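Structure first, then comments.
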Amino acid sequence: IAGEFDLDIPKYLTAAASTVEQLKGPLKAKIIVPSPALTPEDVVGVLEGRGWEADIVTQSTVSGLIGVSPKGLMKCVDGRPSNHPGMNGPKTLGGVYAIATNRGVTDIRGLKQIVKEVKQNGHVPSVHGDDHAHPAPMGCGFFKLWSQGKLEGIKPPDFDSEQGQAAVLEAGGVYEKLSGAHKEKVVYINLVPGTTIAPDRNNQAFVVDAWIAGKFNLDVPKYLIAAASTVEQLNGPLKAKLIVPNPLTPKDVVGVLEGRGWEADIVTQSTVSGLIGVSPKGLMKCVDGRPS
């Protein structure tokens, strides 16, 4: 829950440990970790299998990484300069088109609903064109590939670029215009929640804020494959850097607890029979184990 509410995780866990200690609770902990999912190493393997060069880097090594702002556009991964100032929002494939393609939404009504959903989640929804495409909204390479049926496993939209632009604007979104030619040198796949990299006209890069897939419950493998395919078909750089959070591992937590006199073990979720999914009807309640 700390991640969902952007809490300070070490501070939260220290408070939990201190609470149990002062209540004279059991100094015995089991850290439940998820069964293995799609890891950064898996993504590197897939990209290398497609002929890419890919490396994993931690967030502290990426100087341009900034926090997202509710005033920043949820905009395309395109690295070219924009006429809009809101560059500190999350970067996604084609802006709001990223969600539409991942969910199989192909109609104007569904697109407008996505625009509203993005606004409700604290971002400024957008799409873009550029200064030399005809019509201008076709300056989004991702939309162009989508509309031409060139994204494998993704059905083309029932609307054209101008109709998409009009629908986004009508639903309260933004249209931005990019300028110049593509000169991206690298593809950043950012897995650090709540962060992004602003475009730099002198050092262009594709920025794929992949953490957004979790926020909007997208199919992550499908999303990343669409991103790779888009860069490849646009003749972009087959060079990726996967940005991962600075690590706080379960072993780090065990070490801190043992340093406080606890006994602590790491167990996988499949070994904990009482682990259940949370429900929207359930209380966000105290850690206290007494009957309620």
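Chain labels A, B, ... are given in the sequence in which chains occur in the structure tokens; within each chain residues are numbered consecutively from 1, and ligands are likewise numbered from 1 in the order shown.
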
Can you build me a table of range 116-208 of chain A residues sitting at most 7 Å from range 243-250 of chain A, with the closest atom pair per residue and its distance in Å to one decimal, using only C-alpha atoms, sorted by chain and residue number, as JSON lines?
```
{"residue": "A:Ile189", "atom": "CA", "partner": "A:Ile243", "partner_atom": "CA", "distance": 6.1}
{"residue": "A:Asn190", "atom": "CA", "partner": "A:Ile243", "partner_atom": "CA", "distance": 4.7}
{"residue": "A:Leu191", "atom": "CA", "partner": "A:Val244", "partner_atom": "CA", "distance": 5.2}
{"residue": "A:Val192", "atom": "CA", "partner": "A:Pro245", "partner_atom": "CA", "distance": 5.2}
```

Write the residues of the preceding selection, restricted to all heavy atoms, as an mmCIF file, in the first residue's frame.
```cif
data_model
loop_
_atom_site.group_PDB
_atom_site.id
_atom_site.type_symbol
_atom_site.label_atom_id
_atom_site.label_comp_id
_atom_site.auth_asym_id
_atom_site.auth_seq_id
_atom_site.Cartn_x
_atom_site.Cartn_y
_atom_site.Cartn_z
ATOM 1 N N ILE A 189 13.334 3.046 -20.996
ATOM 2 C CA ILE A 189 12.157 2.330 -20.498
ATOM 3 C C ILE A 189 12.176 2.511 -18.990
ATOM 4 O O ILE A 189 12.970 1.890 -18.280
ATOM 5 C CB ILE A 189 12.191 0.841 -20.894
ATOM 6 C CG1 ILE A 189 12.215 0.708 -22.428
ATOM 7 C CG2 ILE A 189 10.981 0.103 -20.321
ATOM 8 C CD1 ILE A 189 12.371 -0.711 -22.924
ATOM 9 N N ASN A 190 11.319 3.400 -18.519
ATOM 10 C CA ASN A 190 11.381 3.850 -17.129
ATOM 11 C C ASN A 190 10.409 3.075 -16.249
ATOM 12 O O ASN A 190 9.190 3.130 -16.445
ATOM 13 C CB ASN A 190 11.074 5.348 -17.071
ATOM 14 C CG ASN A 190 11.082 5.892 -15.659
ATOM 15 O OD1 ASN A 190 11.750 5.335 -14.780
ATOM 16 N ND2 ASN A 190 10.350 6.960 -15.429
ATOM 17 N N LEU A 191 10.943 2.378 -15.256
ATOM 18 C CA LEU A 191 10.135 1.572 -14.341
ATOM 19 C C LEU A 191 10.031 2.188 -12.952
ATOM 20 O O LEU A 191 9.566 1.531 -12.025
ATOM 21 C CB LEU A 191 10.748 0.161 -14.239
ATOM 22 C CG LEU A 191 10.887 -0.605 -15.557
ATOM 23 C CD1 LEU A 191 11.633 -1.909 -15.339
ATOM 24 C CD2 LEU A 191 9.517 -0.884 -16.163
ATOM 25 N N VAL A 192 10.447 3.440 -12.811
ATOM 26 C CA VAL A 192 10.400 4.115 -11.503
ATOM 27 C C VAL A 192 9.086 4.896 -11.400
ATOM 28 O O VAL A 192 8.908 5.911 -12.080
ATOM 29 C CB VAL A 192 11.601 5.071 -11.322
ATOM 30 C CG1 VAL A 192 11.549 5.708 -9.927
ATOM 31 C CG2 VAL A 192 12.916 4.327 -11.537
#
```

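Every protein or nucleic acid residue with an atom no more than 8 Å from range 101-110 of chain A, counting only C-alpha atoms and leaving out same-chain residues fewer than 6 positions away, appears here: A:Trp146, A:Ile154, A:Lys155, A:Pro156, A:Pro157, A:Asp158, A:Phe159, A:Gln163, A:Gly164, A:Ala167, A:Leu218, A:Asp219, A:Lys222, A:Tyr223.
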
How about saving the chosen residues, N, CA and C atoms kept, as a tab-separated table (two decimals), in the first residue's frame?
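Output file part_39.tsv follows:
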```
chain	number	residue	atom	x	y	z
A	146	TRP	N	-0.61	2.40	-36.03
A	146	TRP	CA	-1.87	1.81	-35.54
A	146	TRP	C	-2.94	1.89	-36.62
A	154	ILE	N	-2.94	-5.84	-32.72
A	154	ILE	CA	-3.72	-4.67	-32.30
A	154	ILE	C	-4.59	-4.21	-33.47
A	155	LYS	N	-5.89	-4.20	-33.25
A	155	LYS	CA	-6.84	-3.82	-34.29
A	155	LYS	C	-6.79	-2.31	-34.55
A	156	PRO	N	-6.77	-1.90	-35.83
A	156	PRO	CA	-6.73	-0.47	-36.16
A	156	PRO	C	-7.97	0.27	-35.66
A	157	PRO	N	-7.88	1.59	-35.47
A	157	PRO	CA	-9.03	2.36	-35.00
A	157	PRO	C	-10.07	2.57	-36.09
A	158	ASP	N	-11.28	2.88	-35.66
A	158	ASP	CA	-12.37	3.18	-36.59
A	158	ASP	C	-12.39	4.66	-36.96
A	159	PHE	N	-11.42	5.42	-36.49
A	159	PHE	CA	-11.37	6.87	-36.74
A	159	PHE	C	-10.01	7.24	-37.30
A	163	GLN	N	-10.08	12.99	-36.58
A	163	GLN	CA	-11.22	12.67	-35.73
A	163	GLN	C	-10.75	12.34	-34.31
A	164	GLY	N	-9.60	11.66	-34.19
A	164	GLY	CA	-9.04	11.37	-32.87
A	164	GLY	C	-8.65	12.64	-32.15
A	167	ALA	N	-11.80	14.41	-30.94
A	167	ALA	CA	-12.43	13.72	-29.82
A	167	ALA	C	-11.69	13.99	-28.51
A	218	LEU	N	-2.73	-2.06	-17.53
A	218	LEU	CA	-2.49	-2.47	-18.91
A	218	LEU	C	-1.73	-3.80	-18.94
A	219	ASP	N	-1.79	-4.46	-20.09
A	219	ASP	CA	-1.05	-5.69	-20.33
A	219	ASP	C	0.41	-5.29	-20.59
A	222	LYS	N	2.38	-6.86	-23.68
A	222	LYS	CA	1.81	-6.32	-24.92
A	222	LYS	C	2.23	-4.87	-25.13
A	223	TYR	N	2.26	-4.10	-24.04
A	223	TYR	CA	2.63	-2.69	-24.13
A	223	TYR	C	4.08	-2.53	-24.55
```

Item checked: Selection: 6 Å around Phe206 in chain A, only C-alpha atoms, excl. self and same-chain fewer than 5 positions, as a ChimeraX atom specification -> /A:77-79,187

Determine, for each residue of range 142-198 of chain A having at least one atom at most 9 Å from an atom of range 80-95 of chain A, the closest pair of atoms and their separation in Å to one decimal, counting only C-alpha atoms; order by chain and ascending number, as CSV.
```
residue,atom,partner,partner_atom,distance
A:Phe142,CA,A:Gly94,CA,5.6
A:Phe143,CA,A:Gly94,CA,6.3
A:Tyr175,CA,A:His84,CA,8.8
A:Glu176,CA,A:His84,CA,6.1
A:Lys177,CA,A:Asn83,CA,5.7
A:Leu178,CA,A:Ser82,CA,4.4
A:Ser179,CA,A:Pro81,CA,5.7
A:Gly180,CA,A:Arg80,CA,6.8
A:Ala181,CA,A:Arg80,CA,7.2
A:His182,CA,A:Arg80,CA,6.4
A:Lys183,CA,A:Arg80,CA,7.7
A:Glu184,CA,A:Arg80,CA,8.0
A:Gly194,CA,A:Pro90,CA,7.9
A:Thr195,CA,A:Pro90,CA,7.2
A:Thr196,CA,A:Pro90,CA,5.8
A:Ile197,CA,A:Asn88,CA,7.2
A:Ala198,CA,A:Met87,CA,5.4
```

Okay, now the selection with N, CA and C atoms, as an mmCIF file, in the first residue's frame?
```cif
data_model
loop_
_atom_site.group_PDB
_atom_site.id
_atom_site.type_symbol
_atom_site.label_atom_id
_atom_site.label_comp_id
_atom_site.auth_asym_id
_atom_site.auth_seq_id
_atom_site.Cartn_x
_atom_site.Cartn_y
_atom_site.Cartn_z
ATOM 1 N N PHE A 142 3.237 6.616 -33.900
ATOM 2 C CA PHE A 142 2.523 5.500 -33.288
ATOM 3 C C PHE A 142 1.106 5.414 -33.829
ATOM 4 N N PHE A 143 0.417 6.576 -33.911
ATOM 5 C CA PHE A 143 -0.941 6.537 -34.448
ATOM 6 C C PHE A 143 -0.925 6.089 -35.907
ATOM 7 N N TYR A 175 -3.993 18.887 -27.433
ATOM 8 C CA TYR A 175 -3.268 18.528 -28.651
ATOM 9 C C TYR A 175 -1.983 19.341 -28.675
ATOM 10 N N GLU A 176 -0.852 18.670 -28.810
ATOM 11 C CA GLU A 176 0.431 19.370 -28.903
ATOM 12 C C GLU A 176 1.026 19.167 -30.293
ATOM 13 N N LYS A 177 1.831 20.133 -30.719
ATOM 14 C CA LYS A 177 2.505 20.041 -32.015
ATOM 15 C C LYS A 177 4.005 19.928 -31.803
ATOM 16 N N LEU A 178 4.606 18.884 -32.349
ATOM 17 C CA LEU A 178 6.037 18.690 -32.276
ATOM 18 C C LEU A 178 6.689 19.227 -33.542
ATOM 19 N N SER A 179 7.978 19.522 -33.456
ATOM 20 C CA SER A 179 8.655 20.110 -34.606
ATOM 21 C C SER A 179 9.960 19.392 -34.910
ATOM 22 N N GLY A 180 10.358 19.473 -36.164
ATOM 23 C CA GLY A 180 11.642 18.929 -36.578
ATOM 24 C C GLY A 180 11.622 17.446 -36.855
ATOM 25 N N ALA A 181 12.821 16.908 -37.056
ATOM 26 C CA ALA A 181 12.987 15.504 -37.409
ATOM 27 C C ALA A 181 13.342 14.677 -36.178
ATOM 28 N N HIS A 182 13.115 13.367 -36.285
ATOM 29 C CA HIS A 182 13.510 12.446 -35.221
ATOM 30 C C HIS A 182 15.033 12.329 -35.186
ATOM 31 N N LYS A 183 15.611 12.566 -33.972
ATOM 32 C CA LYS A 183 17.055 12.407 -33.788
ATOM 33 C C LYS A 183 17.344 11.656 -32.488
ATOM 34 N N GLU A 184 16.391 10.797 -32.099
ATOM 35 C CA GLU A 184 16.551 10.063 -30.845
ATOM 36 C C GLU A 184 17.776 9.142 -30.897
ATOM 37 N N GLY A 194 6.032 7.346 -10.847
ATOM 38 C CA GLY A 194 5.926 8.770 -10.566
ATOM 39 C C GLY A 194 7.036 9.624 -11.121
ATOM 40 N N THR A 195 7.841 9.091 -12.044
ATOM 41 C CA THR A 195 8.950 9.856 -12.610
ATOM 42 C C THR A 195 8.917 9.827 -14.134
ATOM 43 N N THR A 196 9.665 10.716 -14.737
ATOM 44 C CA THR A 196 9.761 10.781 -16.190
ATOM 45 C C THR A 196 11.039 11.520 -16.570
ATOM 46 N N ILE A 197 11.273 11.659 -17.872
ATOM 47 C CA ILE A 197 12.378 12.456 -18.397
ATOM 48 C C ILE A 197 11.791 13.437 -19.398
ATOM 49 N N ALA A 198 12.070 14.716 -19.219
ATOM 50 C CA ALA A 198 11.554 15.732 -20.140
ATOM 51 C C ALA A 198 12.349 15.705 -21.441
#
```

Which residues of range 21-101 of chain A come within 7 Å of range 120-125 of chain A, and for each one, what is the closest pair of atoms and their distance in Å to one decimal, counting only C-alpha atoms, sorted by chain and residue number, as JSON lines?
```
{"residue": "A:Pro70", "atom": "CA", "partner": "A:His123", "partner_atom": "CA", "distance": 5.2}
{"residue": "A:Lys71", "atom": "CA", "partner": "A:Val124", "partner_atom": "CA", "distance": 6.5}
{"residue": "A:Gly72", "atom": "CA", "partner": "A:Val124", "partner_atom": "CA", "distance": 6.2}
{"residue": "A:Leu73", "atom": "CA", "partner": "A:Val124", "partner_atom": "CA", "distance": 4.7}
{"residue": "A:Met74", "atom": "CA", "partner": "A:Pro125", "partner_atom": "CA", "distance": 5.2}
{"residue": "A:Gly95", "atom": "CA", "partner": "A:Pro125", "partner_atom": "CA", "distance": 6.9}
{"residue": "A:Val96", "atom": "CA", "partner": "A:Pro125", "partner_atom": "CA", "distance": 6.1}
```

Next item on the list: Quick one: pick out all strand (DSSP E) residues within range 100-257 of chain A from a backbone DSSP run and write them as a PyMOL selection string.
Entry: chain A and resi 124-130+174-178+187-190+195-197+206-208+239-244

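Taking CA of Glu41 in chain A and CA of Val231 in chain A as the two end points, the separation is 19.9 Å.
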
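Counting only C-alpha atoms and comparing A:Asn202, A:Asn217, A:Gln233, A:Thr61, the residue that lies closest to Lys144 in chain A is A:Gln233.
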
Next item on the list: Identify, with DSSP run on backbone atoms, the residues in range 185-273 of chain A assigned to alpha helix (DSSP H), and express the list as an MDAnalysis selection string.
Entry: chainID A and resid 212:215 220:233 250:259

Margin query: Set the distance at 12 Å and use only C-alpha atoms: which residues neighbour Val267 in chain A once local chain neighbours fewer than 5 positions away are removed? I'd like the list as a list in words.
Written below: Ala29, Lys30, Ile31, Ile32, Val33, Pro34, Ser35, Pro250, Lys251, Val254, Val272, Ser273 and Leu275 of chain A

Checklist line | Shortest interatomic distance to Gly172 in chain A - which of A:Lys241, A:Val62, A:Gly259, A:Lys112, counting only C-alpha atoms | finding: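 Closest candidate: A:Lys112.
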
Next item on the list: Record the distance separating CA of Glu4 in chain A and CA of Lys75 in chain A, expressed in Å with one decimal.
Entry: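 Going from CA of Glu4 in chain A over to CA of Lys75 in chain A covers 22.1 Å.
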
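Candidate residues A:Gly64, A:Gly3, A:Gly25, A:Gly51 were compared for distance to Ala228 in chain A, and the nearest is A:Gly51, using only C-alpha atoms.
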